[in-house]
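Shown next: start-v4.tsv, containing TSV, C-alpha atoms.
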```tsv
chain	number	residue	atom	x	y	z
A	1455	MET	CA	75.77	116.87	122.90
A	1456	LYS	CA	77.01	117.32	119.34
A	1457	ILE	CA	80.55	116.06	118.72
A	1458	GLU	CA	82.38	117.53	115.77
A	1459	LYS	CA	83.43	114.97	113.17
A	1460	SER	CA	87.10	116.00	113.29
A	1461	ILE	CA	87.22	115.42	117.04
A	1462	ARG	CA	85.30	112.17	116.96
A	1463	CYS	CA	87.27	110.56	114.15
A	1464	GLN	CA	90.69	112.16	114.10
A	1465	ASP	CA	91.69	113.71	117.42
A	1466	LEU	CA	90.40	110.70	119.34
A	1467	PHE	CA	92.71	108.35	117.47
A	1468	ASN	CA	95.83	110.44	116.98
A	1469	ASN	CA	97.53	108.78	119.94
A	1470	ALA	CA	96.67	105.32	118.59
A	1471	LEU	CA	99.41	103.33	116.86
A	1472	VAL	CA	97.11	100.89	115.08
A	1473	CYS	CA	95.75	102.93	112.15
A	1474	SER	CA	93.10	100.26	111.57
A	1475	LEU	CA	95.89	97.67	111.13
A	1476	GLY	CA	97.61	99.76	108.49
A	1477	PRO	CA	95.11	101.29	106.03
A	1478	ILE	CA	95.13	104.77	107.57
A	1479	ILE	CA	98.14	106.52	106.03
A	1480	LEU	CA	96.97	110.15	105.86
A	1481	GLY	CA	94.88	110.26	109.03
A	1482	TYR	CA	91.26	109.51	109.84
A	1483	CYS	CA	88.77	111.57	107.83
A	1484	ASP	CA	91.35	113.20	105.60
A	1485	GLU	CA	89.63	116.22	104.04
A	1486	LYS	CA	90.80	115.68	100.46
A	1487	VAL	CA	89.97	111.98	100.42
A	1488	ASP	CA	86.55	112.37	102.01
A	1489	ALA	CA	85.72	115.32	99.73
A	1490	ALA	CA	86.50	113.16	96.68
A	1491	VAL	CA	84.28	110.40	98.05
A	1492	ARG	CA	81.40	112.80	98.69
A	1493	ARG	CA	81.62	114.16	95.15
A	1494	GLN	CA	81.50	110.67	93.73
A	1495	MET	CA	78.60	109.69	95.98
A	1496	GLU	CA	76.48	112.27	94.22
A	1497	LYS	CA	77.24	110.62	90.87
A	1498	GLY	CA	76.72	107.01	91.91
A	1499	VAL	CA	78.35	104.19	93.81
A	1500	ILE	CA	78.25	101.19	91.49
A	1501	PHE	CA	77.28	100.75	87.86
A	1502	SER	CA	76.55	97.96	85.42
A	1503	MET	CA	79.81	98.54	83.58
A	1504	ALA	CA	83.28	99.71	84.54
A	1505	SER	CA	83.30	103.45	85.18
A	1506	ASP	CA	85.71	106.08	83.90
A	1507	LEU	CA	86.84	106.45	87.50
A	1508	GLU	CA	88.01	102.83	87.59
A	1509	LEU	CA	90.24	103.56	84.60
A	1510	GLU	CA	91.57	106.68	86.31
A	1511	ALA	CA	92.28	104.66	89.44
A	1512	ALA	CA	94.14	102.04	87.42
A	1513	GLU	CA	96.23	104.69	85.67
A	1514	THR	CA	96.96	106.37	89.00
A	1515	LEU	CA	98.12	103.11	90.54
A	1516	LEU	CA	100.24	102.16	87.54
A	1517	SER	CA	101.91	105.59	87.64
A	1518	ILE	CA	103.82	104.60	90.77
A	1519	PHE	CA	105.24	101.43	89.20
A	1520	HIS	CA	107.68	100.70	86.39
A	1521	GLY	CA	107.30	97.78	84.01
A	1522	PHE	CA	103.73	96.81	84.90
A	1523	GLY	CA	100.88	96.94	82.43
A	1524	TRP	CA	97.56	96.07	84.06
A	1525	VAL	CA	95.54	96.31	87.27
A	1526	ARG	CA	92.70	94.19	88.61
A	1527	PHE	CA	90.71	95.67	91.52
A	1528	LEU	CA	89.22	93.59	94.33
A	1529	LYS	CA	88.21	94.35	97.89
A	1530	THR	CA	90.64	92.78	100.35
A	1531	GLY	CA	94.29	91.86	100.42
A	1532	GLY	CA	93.45	88.19	100.85
A	1533	ASP	CA	91.18	88.28	97.80
A	1534	ALA	CA	93.91	89.83	95.70
A	1535	CYS	CA	96.62	87.40	96.86
A	1536	SER	CA	94.36	84.46	96.10
A	1537	ALA	CA	93.50	85.91	92.68
A	1538	ALA	CA	97.18	86.48	91.88
A	1539	CYS	CA	97.85	82.81	92.56
A	1540	ARG	CA	95.02	81.84	90.21
A	1541	VAL	CA	96.56	84.04	87.51
A	1542	ALA	CA	99.86	82.24	88.06
A	1543	ARG	CA	98.22	78.83	87.79
A	1544	ALA	CA	96.38	79.86	84.64
A	1545	ILE	CA	99.57	81.14	82.98
A	1546	THR	CA	101.87	78.28	83.96
A	1547	GLY	CA	99.49	75.33	83.94
A	1548	ARG	CA	100.96	74.30	87.31
A	1549	ASN	CA	99.22	73.91	90.66
A	1550	LEU	CA	101.89	74.26	93.36
A	1551	ILE	CA	102.07	77.53	95.30
A	1552	LEU	CA	105.14	78.20	97.46
A	1553	THR	CA	104.23	80.58	100.27
A	1554	GLU	CA	106.25	82.05	103.11
A	1555	GLY	CA	103.42	82.87	105.47
A	1556	TYR	CA	100.13	84.66	105.90
A	1557	HIS	CA	98.54	86.12	102.79
A	1558	GLY	CA	94.92	86.07	103.92
A	1559	TRP	CA	92.53	83.44	105.20
A	1560	HIS	CA	91.99	81.69	101.84
A	1561	ASP	CA	92.62	77.94	101.55
A	1562	THR	CA	95.80	78.23	99.49
A	1563	PHE	CA	97.58	80.07	102.30
A	1564	PHE	CA	95.86	78.62	105.35
A	1565	ALA	CA	96.82	75.17	104.09
A	1566	VAL	CA	100.40	75.66	105.34
A	1567	GLN	CA	99.25	76.72	108.82
A	1568	GLN	CA	97.63	74.92	111.70
A	1569	GLY	CA	93.85	74.83	111.58
A	1570	ASN	CA	90.83	72.97	110.30
A	1571	GLY	CA	88.61	73.58	107.29
A	1572	VAL	CA	91.13	73.17	104.47
A	1573	PRO	CA	90.74	70.08	102.23
A	1574	GLU	CA	93.73	67.75	102.23
A	1575	SER	CA	93.91	68.00	98.45
A	1576	ILE	CA	94.69	71.73	98.74
A	1577	ARG	CA	97.41	71.05	101.27
A	1578	GLN	CA	99.12	69.00	98.56
A	1579	VAL	CA	99.50	72.05	96.31
A	1580	SER	CA	100.60	74.58	98.94
A	1581	LYS	CA	104.05	74.44	100.50
A	1582	PHE	CA	105.67	76.58	103.19
A	1583	VAL	CA	109.06	78.06	102.28
A	1584	SER	CA	111.54	80.55	103.74
A	1585	THR	CA	113.42	83.50	102.23
A	1586	LYS	CA	115.38	84.54	105.31
A	1587	SER	CA	118.69	83.64	103.69
A	1588	LEU	CA	120.14	82.59	100.34
A	1589	ALA	CA	120.74	79.14	101.80
A	1590	GLU	CA	117.10	78.75	102.78
A	1591	VAL	CA	115.95	79.90	99.34
A	1592	SER	CA	118.26	77.32	97.77
A	1593	GLU	CA	117.03	74.57	100.08
A	1594	SER	CA	113.31	75.25	100.46
A	1595	ILE	CA	112.37	76.96	97.19
A	1596	VAL	CA	114.70	76.28	94.25
A	1597	PRO	CA	114.19	72.47	94.22
A	1598	HIS	CA	110.44	72.99	93.72
A	1599	LEU	CA	110.42	75.80	91.18
A	1600	ASN	CA	110.05	73.55	88.14
A	1601	GLN	CA	106.72	72.35	89.54
A	1602	ALA	CA	105.58	75.66	91.05
A	1603	ALA	CA	103.12	78.11	89.57
A	1604	ALA	CA	104.33	80.88	91.87
A	1605	VAL	CA	106.24	81.93	94.92
A	1606	ILE	CA	104.31	84.47	97.00
A	1607	ILE	CA	106.11	86.35	99.78
A	1608	SER	CA	105.73	89.47	101.89
A	1609	PRO	CA	109.07	91.15	101.15
A	1610	GLU	CA	111.17	92.73	103.86
A	1611	TYR	CA	113.64	95.56	103.45
A	1612	GLY	CA	117.27	94.50	103.45
A	1613	ARG	CA	116.78	91.21	101.61
A	1614	GLY	CA	117.26	92.62	98.12
A	1615	GLU	CA	120.10	90.27	97.25
A	1616	ILE	CA	117.99	87.28	98.26
A	1617	TYR	CA	114.97	88.46	96.29
A	1618	ARG	CA	117.02	89.18	93.18
A	1619	TYR	CA	118.45	85.67	93.35
A	1620	LEU	CA	114.94	84.26	93.80
A	1621	SER	CA	113.64	86.35	90.91
A	1622	GLU	CA	116.38	85.00	88.64
A	1623	LYS	CA	115.61	81.41	89.60
A	1624	CYS	CA	111.87	81.93	89.06
A	1625	HIS	CA	112.52	83.40	85.64
A	1626	GLN	CA	114.74	80.44	84.68
A	1627	THR	CA	112.14	77.85	85.73
A	1628	GLY	CA	108.95	79.56	84.58
A	1629	ALA	CA	107.56	80.10	88.07
A	1630	LEU	CA	106.11	83.53	88.85
A	1631	LEU	CA	107.23	85.74	91.74
A	1632	ILE	CA	104.42	87.53	93.57
A	1633	PHE	CA	105.08	90.22	96.16
A	1634	ASP	CA	102.38	90.59	98.78
A	1635	GLU	CA	102.70	94.31	99.58
A	1636	VAL	CA	99.26	94.57	101.17
A	1637	VAL	CA	100.83	96.17	104.24
A	1638	THR	CA	103.96	97.79	102.80
A	1639	GLY	CA	102.57	99.26	99.58
A	1640	CYS	CA	102.08	103.04	99.71
A	1641	ARG	CA	103.46	102.96	103.26
A	1642	VAL	CA	107.19	102.18	103.29
A	1643	SER	CA	107.36	103.80	99.84
A	1644	LEU	CA	104.85	104.41	97.07
A	1645	GLY	CA	105.78	101.19	95.29
A	1646	GLY	CA	106.52	99.22	98.44
A	1647	VAL	CA	109.58	97.08	99.11
A	1648	GLN	CA	109.91	96.05	95.46
A	1649	GLU	CA	110.58	99.70	94.67
A	1650	LEU	CA	113.08	100.14	97.50
A	1651	GLU	CA	114.97	96.95	96.67
A	1652	ARG	CA	114.55	97.25	92.87
A	1653	VAL	CA	113.53	93.63	92.51
A	1654	ARG	CA	111.97	92.19	89.36
A	1655	CYS	CA	108.73	90.46	90.28
A	1656	ASP	CA	105.77	89.46	88.13
A	1657	MET	CA	102.86	90.70	90.22
A	1658	VAL	CA	102.44	92.99	93.21
A	1659	VAL	CA	99.41	92.89	95.49
A	1660	MET	CA	98.40	96.18	97.09
A	1661	ALA	CA	95.66	97.05	99.61
A	1662	LYS	CA	95.39	98.82	102.99
A	1663	ALA	CA	97.09	102.23	102.59
A	1664	ILE	CA	96.26	102.73	98.90
A	1665	ALA	CA	92.88	104.31	99.73
A	1666	ASN	CA	93.34	105.58	103.31
A	1667	GLY	CA	90.91	103.08	104.79
A	1668	TYR	CA	88.36	102.65	102.02
A	1669	PRO	CA	87.96	98.99	101.03
A	1670	VAL	CA	89.91	98.25	97.86
A	1671	SER	CA	92.79	96.00	96.86
A	1672	ALA	CA	94.61	95.55	93.59
A	1673	ILE	CA	96.86	93.20	91.66
A	1674	VAL	CA	99.40	95.00	89.50
A	1675	GLY	CA	100.96	92.77	86.87
A	1676	LYS	CA	103.33	92.61	83.95
A	1677	GLU	CA	101.84	93.14	80.52
A	1678	GLU	CA	102.73	89.66	79.31
A	1679	LEU	CA	100.50	88.13	82.01
A	1680	ARG	CA	97.38	89.92	80.82
A	1681	SER	CA	96.33	86.93	78.70
A	1682	ALA	CA	95.66	84.97	81.91
A	1683	PHE	CA	92.31	86.70	82.17
A	1684	ASP	CA	91.23	84.96	78.96
A	1685	GLN	CA	91.91	81.62	80.65
A	1686	THR	CA	90.23	82.11	84.02
A	1687	ILE	CA	87.65	84.25	85.81
A	1688	ILE	CA	88.51	86.79	88.48
A	1689	THR	CA	85.67	89.14	89.24
A	1690	MET	CA	83.45	90.46	92.01
A	1691	THR	CA	80.37	92.64	92.00
A	1692	HIS	CA	81.86	95.42	94.12
A	1693	GLY	CA	85.39	95.28	92.71
A	1694	GLY	CA	84.96	98.59	90.89
A	1695	GLU	CA	82.80	100.31	93.50
A	1696	THR	CA	83.46	103.97	92.84
A	1697	LEU	CA	83.71	105.47	96.34
A	1698	SER	CA	86.84	103.42	96.97
A	1699	MET	CA	88.15	104.29	93.51
A	1700	ALA	CA	87.74	107.99	94.33
A	1701	ALA	CA	89.51	107.47	97.66
A	1702	LEU	CA	92.37	105.63	95.95
A	1703	VAL	CA	92.93	108.39	93.39
A	1704	ALA	CA	92.83	111.10	96.06
A	1705	THR	CA	95.10	109.16	98.44
A	1706	ILE	CA	97.82	108.26	95.93
A	1707	THR	CA	97.72	111.75	94.42
A	1708	LYS	CA	98.35	113.25	97.85
A	1709	LEU	CA	101.08	110.72	98.62
A	1710	LYS	CA	102.82	111.56	95.33
A	1711	HIS	CA	102.72	115.32	95.60
A	1712	GLU	CA	102.82	116.26	99.30
A	1713	LYS	CA	105.81	114.28	100.68
A	1714	VAL	CA	103.56	112.47	103.15
A	1715	LEU	CA	105.72	109.36	103.37
A	1716	GLU	CA	108.83	111.43	103.96
A	1717	ARG	CA	107.17	113.18	106.92
A	1718	ILE	CA	105.96	109.90	108.38
A	1719	ALA	CA	109.41	108.33	108.00
A	1720	GLU	CA	111.11	111.25	109.74
A	1721	ARG	CA	108.74	111.11	112.72
A	1722	GLY	CA	108.95	107.33	112.76
A	1723	ARG	CA	112.74	107.37	112.94
A	1724	HIS	CA	112.52	109.75	115.89
A	1725	LEU	CA	109.96	107.54	117.64
A	1726	MET	CA	112.07	104.43	117.08
A	1727	ALA	CA	115.29	106.02	118.29
A	1728	GLU	CA	113.75	107.52	121.42
A	1729	THR	CA	111.78	104.39	122.27
A	1730	ASN	CA	114.88	102.22	121.97
A	1731	ARG	CA	116.77	104.72	124.13
A	1732	LEU	CA	114.08	104.42	126.81
A	1733	PHE	CA	114.15	100.62	126.67
A	1734	LYS	CA	117.91	100.74	127.14
A	1735	ASP	CA	117.78	103.34	129.91
A	1736	PHE	CA	115.34	101.22	131.87
A	1737	GLY	CA	117.35	98.07	131.27
A	1738	LEU	CA	114.47	96.13	129.74
A	1739	PRO	CA	114.98	93.46	127.04
A	1740	LEU	CA	112.77	95.22	124.50
A	1741	ALA	CA	113.50	96.83	121.16
A	1742	VAL	CA	111.57	98.42	118.33
A	1743	GLU	CA	112.66	97.66	114.79
A	1744	GLY	CA	111.42	97.65	111.20
A	1745	PHE	CA	110.28	100.49	108.96
A	1746	PRO	CA	109.74	103.96	110.46
A	1747	ALA	CA	106.16	103.89	109.16
A	1748	MET	CA	105.40	100.43	110.60
A	1749	MET	CA	107.67	99.30	113.40
A	1750	THR	CA	107.48	96.25	115.65
A	1751	VAL	CA	108.22	95.91	119.37
A	1752	ILE	CA	110.20	92.73	119.99
A	1753	ILE	CA	111.42	90.88	123.07
A	1754	LYS	CA	115.17	90.30	122.97
A	1755	GLU	CA	115.34	87.58	125.64
A	1756	THR	CA	113.40	84.35	125.97
A	1757	GLY	CA	111.26	83.92	129.05
A	1758	ASN	CA	110.07	87.52	129.07
A	1759	ASN	CA	106.97	87.22	126.91
A	1760	TRP	CA	104.88	88.72	129.73
A	1761	LEU	CA	106.81	91.97	129.29
A	1762	ARG	CA	105.18	92.76	125.96
A	1763	GLU	CA	101.68	92.40	127.38
A	1764	ALA	CA	102.62	94.49	130.40
A	1765	LEU	CA	103.82	97.28	128.12
A	1766	SER	CA	100.64	97.15	126.08
A	1767	GLN	CA	98.41	97.34	129.15
A	1768	GLN	CA	100.36	100.21	130.66
A	1769	LEU	CA	100.33	102.19	127.41
A	1770	LEU	CA	96.58	101.72	127.06
A	1771	SER	CA	96.06	102.98	130.61
A	1772	LYS	CA	97.96	106.10	129.59
A	1773	GLY	CA	95.91	106.74	126.47
A	1774	VAL	CA	98.02	105.02	123.80
A	1775	PHE	CA	96.28	102.20	121.92
A	1776	GLU	CA	98.74	99.85	120.25
A	1777	ARG	CA	99.29	96.29	119.11
A	1778	SER	CA	102.43	94.32	118.30
A	1779	ARG	CA	103.10	96.49	115.25
A	1780	TRP	CA	103.07	100.29	115.49
A	1781	PHE	CA	101.68	102.07	112.45
A	1782	LEU	CA	102.11	105.79	111.88
A	1783	CYS	CA	100.09	108.12	109.68
A	1784	ASP	CA	100.45	111.74	108.62
A	1785	ALA	CA	98.14	112.84	111.44
A	1786	HIS	CA	100.84	111.76	113.90
A	1787	ARG	CA	102.55	115.12	114.20
A	1788	GLU	CA	105.37	115.98	116.59
A	1789	ALA	CA	102.93	116.62	119.43
A	1790	GLU	CA	101.42	113.13	119.08
A	1791	ILE	CA	104.85	111.49	118.91
A	1792	ASP	CA	105.86	113.32	122.08
A	1793	LYS	CA	102.70	112.09	123.82
A	1794	VAL	CA	103.48	108.52	122.83
A	1795	LEU	CA	107.05	108.82	124.12
A	1796	SER	CA	105.83	110.28	127.40
A	1797	ALA	CA	103.42	107.35	127.73
A	1798	VAL	CA	106.20	104.86	126.97
A	1799	GLU	CA	108.42	106.39	129.66
A	1800	ALA	CA	105.60	106.38	132.20
A	1801	ALA	CA	104.72	102.78	131.34
A	1802	LEU	CA	108.32	101.64	131.75
A	1803	LYS	CA	108.53	103.34	135.13
A	1804	VAL	CA	105.54	101.35	136.34
A	1805	ILE	CA	106.97	98.10	134.98
A	1806	LYS	CA	110.39	98.79	136.51
A	1807	ARG	CA	108.87	99.81	139.84
A	1808	SER	CA	106.91	96.57	140.01
A	1809	GLY	CA	110.19	94.76	140.49
A	1810	ILE	CA	109.42	92.06	137.92
A	1811	ASP	CA	111.98	93.05	135.34
```

For the file at hand, write its structure as structure tokens.
Amino acid sequence: MKIEKSIRCQDLFNNALVCSLGPIILGYCDEKVDAAVRRQMEKGVIFSMASDLELEAAETLLSIFHGFGWVRFLKTGGDACSAACRVARAITGRNLILTEGYHGWHDTFFAVQQGNGVPESIRQVSKFVSTKSLAEVSESIVPHLNQAAAVIISPEYGRGEIYRYLSEKCHQTGALLIFDEVVTGCRVSLGGVQELERVRCDMVVMAKAIANGYPVSAIVGKEELRSAFDQTIITMTHGGETLSMAALVATITKLKHEKVLERIAERGRHLMAETNRLFKDFGLPLAVEGFPAMMTVIIKETGNNWLREALSQQLLSKGVFERSRWFLCDAHREAEIDKVLSAVEAALKVIKRSGID
């Protein structure tokens, strides 16, 4: 039996809250994006030199930022975060990277986490830090800035004062500030959290939503850092692969001109408010918080970790696929949000009826 593409790829997933872990911002198989990719496929996928389309993609990406002068394309968020740190080391002549958490599987970041396979020598030049408060920035970051090449963090909304303080301290000491906006870029706003909080940083790493699921990432940097590329090598064969460039141009163009993020935010706020109301009505220690376009279900009381798994299993049984973080895309219309809320209510009834709340 023939299954229409729109049913197979879009309708099937509209009730999912995963969006491929964040890249899907418009919806699966968006017509404008896929049409742009098909047109480019007829011209060629990869060439021996940079294509005109790569320049167009760079200009498109830079158009959503202020004060940045160059772009380097790669394939994954982890690649781009690692490359940004190399740029910082090349510019500063320092080795130490201060990192707040996960920025990909590469050695520089995995060195501060539990796990094997990272040489001890790399652990000596990677240090875990915290930006949850001004006090923690002062205690865990500022004392090391004179030796640090960069601080790389995944910024969160509402910490603007902290980030501005950190930016000032980095500027004073010569360390670079890198924002990992792999998840938040082109999702919480076009320019990510750095745009919302108006924070001065030196480089921003983008991936996921910038091409609606096509594999591309990018480092966007300040003009004065461009010389770093004369001092190091950052390249990959498929970095300028044109199908992803076409998808990026089409995706960002649509995000800029069709108020996609505004629609997603409006529906997300409704989903958050109604879900929190249901949690409260059923008397369960759960809450959903974060950005309307990418919210997180949290457990408010210790000893109830089982509750999150129970919710996930019940939602899946009712046709809603989700993980710890709920991502929305433009294909989540009011009807899909209502279906999710109905599933949440039904799931909570089962959990409450089980008598284990």

Exercise. Rank nothing, just name the residue among A:Gly1628, A:Asn1600, A:Arg1777, A:Leu1761 nearest to Ser1808 of chain A, using all atoms listed in the file.
Key: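 Once distances to Ser1808 of chain A are computed over all atoms listed in the file, the minimum belongs to A:Leu1761.
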
Quiz prompt | atom CA of Thr1705 of chain A to atom CA of Glu1788 of chain A, distance in Å rounded to a single decimal | solution =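 According to the coordinates, atom CA of Thr1705 of chain A and atom CA of Glu1788 of chain A are separated by 21.9 Å.
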
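Distance check against Leu1795 of chain A using all atoms listed in the file: of A:Thr1729, A:Ser1536, A:Asn1759, A:Thr1530, the minimum falls on A:Thr1729.
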
Quiz prompt | Pairwise distance for atom CA of Ala1602 of chain A and atom CA of Thr1689 of chain A, rounded to one decimal in Å | solution =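 Spanning atom CA of Ala1602 of chain A to atom CA of Thr1689 of chain A is a straight-line distance of 24.1 Å.
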
Practice problem: Enter the distance from atom CA of Phe1582 of chain A to atom CA of Gly1555 of chain A, in Å, rounded to one decimal. | Solution: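 About the pair atom CA of Phe1582 of chain A and atom CA of Gly1555 of chain A: they are 7.1 Å apart.
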